[in-house]
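Notes follow once the structure below has been shown.
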Amino acid sequence: MDGIVHFELPVDDLARARAFYSIFGWALQDWPMPDGSTYVGIHTTPIDEKTRLPLEVGAINGGMLLRNKEVQAPVFAINVSSIDEKVEQLLKVGGTVVKPKVDMMGMGFYAYVKDTEGNVIGLWEDAKK
């Protein structure tokens with residue numbers, strides 16, 4: 001079973017959104033991206049500093065990014081063993097690729113896909129150890 005492991009919140013103003021979401025006590029951390037943008041990591045639950053995974057079973061963390069053509073509404077990401085294989089499967093049942101698989105700075109790979117109902121979801125593949 002492929003589980004949900006991450007969420008993303010698209011925003012129009014990062015500073016304004018940081019102020020809003022900080023009221024929940026979440027840790028917000030800027031992560032400069034290779035394309036020059038800033039991705040704000042959101043820790044809603046404590047993590048293991050070595051693995052970066054939540055300490056609480058079933059808990060997830062996420063991030064916020066500037067709203068863009070691919071991400072207009074909140075997105076959840078599903079951990080899969082192979083994005084390439086999952087994309088092949090979802091294309092057969094009517095899904096589409098919104099943004100192809102990209103390397104996330106050696107941590108793993110990420111892609112945006114659209115389901116048959118028009119919802120964008122993320123696919124996450126861990127980097128092979």
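Ligands are numbered from 1 in the order shown, residues from 1 within each chain, and chains are lettered A, B, ... in the order they appear in the structure tokens.
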
Contacts of A:His43 at 9 Å or less, counting only C-alpha atoms, minus same-chain residues fewer than 3 places along, as a list of chain:residue names?
A:Trp26, A:Ala27, A:Leu28, A:Gln29, A:Pro46, A:Ile47, A:Pro54, A:Ile60, A:Asn61, A:Gly62, A:Gly63

Generate a file of the selected residues that holds N, CA and C atoms, formatted as a PDB file, in the first residue's frame.
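What landed in out.pdb:
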ATOM      1  N   TRP A  26       4.205  25.256  14.191  1.00  0.00           N
ATOM      2  CA  TRP A  26       4.993  24.464  13.246  1.00  0.00           C
ATOM      3  C   TRP A  26       6.353  25.114  13.020  1.00  0.00           C
ATOM      4  N   ALA A  27       7.371  24.303  12.819  1.00  0.00           N
ATOM      5  CA  ALA A  27       8.703  24.802  12.471  1.00  0.00           C
ATOM      6  C   ALA A  27       8.735  25.032  10.963  1.00  0.00           C
ATOM      7  N   LEU A  28       9.081  26.249  10.559  1.00  0.00           N
ATOM      8  CA  LEU A  28       9.126  26.611   9.143  1.00  0.00           C
ATOM      9  C   LEU A  28      10.568  26.918   8.777  1.00  0.00           C
ATOM     10  N   GLN A  29      11.063  26.250   7.729  1.00  0.00           N
ATOM     11  CA  GLN A  29      12.469  26.375   7.353  1.00  0.00           C
ATOM     12  C   GLN A  29      12.588  26.619   5.853  1.00  0.00           C
ATOM     13  N   PRO A  46       7.687  16.424  15.345  1.00  0.00           N
ATOM     14  CA  PRO A  46       9.137  16.248  15.468  1.00  0.00           C
ATOM     15  C   PRO A  46       9.665  15.189  14.506  1.00  0.00           C
ATOM     16  N   ILE A  47      10.927  15.390  14.085  1.00  0.00           N
ATOM     17  CA  ILE A  47      11.562  14.467  13.144  1.00  0.00           C
ATOM     18  C   ILE A  47      12.844  13.890  13.731  1.00  0.00           C
ATOM     19  N   PRO A  54       9.360  11.723  10.316  1.00  0.00           N
ATOM     20  CA  PRO A  54       8.624  11.996  11.554  1.00  0.00           C
ATOM     21  C   PRO A  54       8.859  10.909  12.594  1.00  0.00           C
ATOM     22  N   ILE A  60       2.843  13.295   9.171  1.00  0.00           N
ATOM     23  CA  ILE A  60       3.502  13.791   7.963  1.00  0.00           C
ATOM     24  C   ILE A  60       3.877  15.258   8.140  1.00  0.00           C
ATOM     25  N   ASN A  61       4.868  15.647   7.419  1.00  0.00           N
ATOM     26  CA  ASN A  61       5.285  17.038   7.336  1.00  0.00           C
ATOM     27  C   ASN A  61       5.063  17.493   5.907  1.00  0.00           C
ATOM     28  N   GLY A  62       5.363  18.740   5.629  1.00  0.00           N
ATOM     29  CA  GLY A  62       5.100  19.230   4.287  1.00  0.00           C
ATOM     30  C   GLY A  62       5.899  20.455   3.953  1.00  0.00           C
ATOM     31  N   GLY A  63       5.318  21.275   3.094  1.00  0.00           N
ATOM     32  CA  GLY A  63       5.989  22.483   2.675  1.00  0.00           C
ATOM     33  C   GLY A  63       5.028  23.448   2.021  1.00  0.00           C
TER      34      GLY A  63
END

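Proximity to A:Glu88 at 10 Å, evaluated using only C-alpha atoms and with sequence-adjacent residues fewer than 6 positions away removed, yields A:Gly95, A:Thr96, A:Val97.
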
Okay, now the selection with C-alpha atoms, as a short mmCIF file (atom, residue, chain, number, x, y, z; two decimals), in the first residue's frame?
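What landed in selection08.cif:
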data_model
loop_
_atom_site.label_atom_id
_atom_site.label_comp_id
_atom_site.auth_asym_id
_atom_site.auth_seq_id
_atom_site.Cartn_x
_atom_site.Cartn_y
_atom_site.Cartn_z
CA GLY A 95 -4.28 10.04 -15.39
CA THR A 96 -1.87 12.59 -16.83
CA VAL A 97 1.59 13.94 -15.99
#

For the atom pair atom CA of A:Leu14 and atom CA of A:Met33, what is the interatomic distance in Å to one decimal place?
14.5 Å

Residues near A:Glu117, anyone? I mean within 12 Å using only C-alpha atoms, not counting same-chain ones fewer than 2 positions away, as an NGL selection string.
:A and (93-96 or 113-115 or 119-121)

Next, dump the selected residues to file, keeping only C-alpha atoms, as a CSV table (one decimal), in the first residue's frame.
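And here is the file that came out, result.csv:
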chain,number,residue,atom,x,y,z
A,93,VAL,CA,-6.3,4.5,-16.3
A,94,GLY,CA,-6.7,8.1,-17.5
A,95,GLY,CA,-4.3,10.0,-15.4
A,96,THR,CA,-1.9,12.6,-16.8
A,113,VAL,CA,0.3,14.0,-11.8
A,114,LYS,CA,-3.4,14.6,-12.3
A,115,ASP,CA,-6.0,12.1,-11.5
A,119,ASN,CA,-6.8,16.8,-8.9
A,120,VAL,CA,-3.1,17.3,-8.8
A,121,ILE,CA,-1.2,14.9,-6.6

In chain A, DSSP helix (DSSP H, G or I) residues written as a VMD selection string
chain A and resid 14 to 24 83 to 92
